[in-house]
Protein chains: 4
Amino acid sequence: MSDTLDSRSAWLAEDELAQARERLPMVYVDAVPVRTTPTGQVAEVGLLLRAMPDGSISRAVVSGRVLYGERVRDALMRHIEKDLGPLALPEVPASPQPFTVVEYFPEPEVSGFHDPRQHAVALAFVVPVAGDCAPSQDSLDLVWVTPEQAVTREFQAEMSGGQGRLLRMALAHCSVLP
Amino acid sequence: MSDTLDSRSAWLAEDELAQARERLPMVYVDAVPVRTTPTGQVAEVGLLLRAMPDGSISRAVVSGRVLYGERVRDALMRHIEKDLGPLALPEVPASPQPFTVVEYFPEPEVSGFHDPRQHAVALAFVVPVAGDCAPSQDSLDLVWVTPEQAVTREFQAEMSGGQGRLLRMALAHCSVLP
Amino acid sequence: MSDTLDSRSAWLAEDELAQARERLPMVYVDAVPVRTTPTGQVAEVGLLLRAMPDGSISRAVVSGRVLYGERVRDALMRHIEKDLGPLALPEVPASPQPFTVVEYFPEPEVSGFHDPRQHAVALAFVVPVAGDCAPSQDSLDLVWVTPEQAVTREFQAEMSGGQGRLLRMALAHCSVLP
Amino acid sequence: MSDTLDSRSAWLAEDELAQARERLPMVYVDAVPVRTTPTGQVAEVGLLLRAMPDGSISRAVVSGRVLYGERVRDALMRHIEKDLGPLALPEVPASPQPFTVVEYFPEPEVSGFHDPRQHAVALAFVVPVAGDCAPSQDSLDLVWVTPEQAVTREFQAEMSGGQGRLLRMALAHCSVLP
């Protein structure tokens, strides 16, 4: 965890966090891990299999909260390491400009991005990973799929809460949306 | 205020907000209002004169909190109207991709962007305004300056907390940084 | 036409242009015209019906060449006026950062974007239009469709050369890809 | 050189290229090479010392023409290797979205970006390089400087044709403009 982090406030008691979640939008980062060719073209996208906030098991991108006092790029690195393991060698972007901002709401219909626990505003980045990835902690599995596979009806159906749409937005940004 | 807004939670008691501010990063929007030529080139930037969180009087861009349940673009519109008046006719961008993300910290040295009250993560947008602007509510004054004036030592010295730097970043994004 | 334009070189004889097209990539602008809500959310996309370089009749976005000596934003304005009429009131973006770069090749398979006449590199922008649009000159028709309609199989089938994909990329950038 | 390249047309006779340069805008790529920290923050910028089109010796970023039939990312890789050597290990971005578009004109005053030879439209990218760099071919020298050094009056004075401004735009995009 980042040493710029104020440990006093990073640790928010569970019930306090629950209270805050009913009052304030949370700051999140979403990271779409990709494998690229030597000239940087996206060849494959990495998708986790995980228990989602809504109780379902779903394919999902890397996602997590930015803590009090934490830099966005440190949060990005922390969540990628947590989900893909310490040897993933992510190339966190040099610019803080996200490719999109995802607004998750407790009500599914507001934006199409759904998180039953909270209102979250996520900065979304495409992150090339060059190393060995191993699903860790909360993730049950990790698969790498081509852009063509990622947009199939079967695959999109396995992604809840708008994750399938986010994935297609990332592919569009990288000009590999089929 | 947006009707998608949950009024129950939008109103956070002052002391509860103060508590949350010590525990969680806040979601903000920053808007740099600009006047453009008929082909969209930035001709002038609008700067407010306002009492800043650090107690100083400073030139500043439009800035404010995203409320629980509020869409980012609704927050952007609300804060622009609050600061520039109801006749400003802002052109809120069609894309949620900000030109940068500004990380404000209570400690001035972490990122160079400083807010003594809180850790805030602001989505920053350049917003052309076509109508009549009148400083309202908390703003003491509004001036329109050319990019050349905005980067002068005199002007930059009137902008505290990193506002001068944010302004130059916006000018750079619009390719009018002198 | 822009007065920054060198008239000597803007007028390239047809056979000289044909020769150059076999030797050099051309600079293009692509503009996706949109209607937006008062807070800037994309409600509808404008699509032209036109004779395409490959001889087909296809739905297409606004597109055209940047002339020698011409600024990108002047080219954008010129082609929008040419295709949508002089009363369209386009809001040409304040920033020159395109949402994507489209690479058209004479061979359909290189990038998926196809122009049998030439290799063209197009800077692509989403451009809100607030005024009255009337298809003019080369365009046979103009229709406004919702994002949901634009991605239907029927509609996508009417768009050749990668135009359907470009449209979905624009919708993704604006966070309204269904 | 990319094997997607049509060798027939890549080789344009010198006098033909000279003629085309008086009639058509050229497609260019500009790359700002950077060294980053493990979390991706820009620590240093790489600047070449080279003979410029205007005859001066100037600090400059990597820059070069996109050939007929060549993909933008292949051109980016080719010019980086040409200027920084084959062991630079550049991380060419996954997205084709440039951070800005630079318009070079034969007249210095049109855009502030100047190339006496031609009208060029350059897609500009920030490219992290992880390997060993050695100036090669046309470059006389390569230095790595911090963002603070890069914006000093001394350094900016060594950059002609708008290169100093482009560098500050790249630093602004990466949120490290001092």
# chains A, B, ... in the order shown; residues from 1 in each chain; ligands from 1

call {"tool": "select_by_dssp", "arguments": {"residues": "chain D", "states": "strand (DSSP E or B)", "output": "PyMOL selection string"}}
result
chain D and resi 26-36+42-51+57-60+62-65+90+100-105+114+120-129+139-145

call {"tool": "interface_residues", "arguments": {"of": "chain C", "to": "chain D", "cutoff": "6 Å", "atoms": "only C-alpha atoms", "output": "MDAnalysis selection string"}}
result
chainID C and resid 9 23:25 68 96:97 99:101

call {"tool": "closest_residue", "arguments": {"among": "B:Leu48, B:Val34, B:Asp115, B:Ala43", "to": "Glu158 of chain B", "atoms": "only C-alpha atoms"}}
result
B:Leu48

call {"tool": "atom_distance", "arguments": {"atom1": "atom CA of Leu177 of chain C", "atom2": "atom CA of Pro147 of chain C"}}
result
6.6 Å
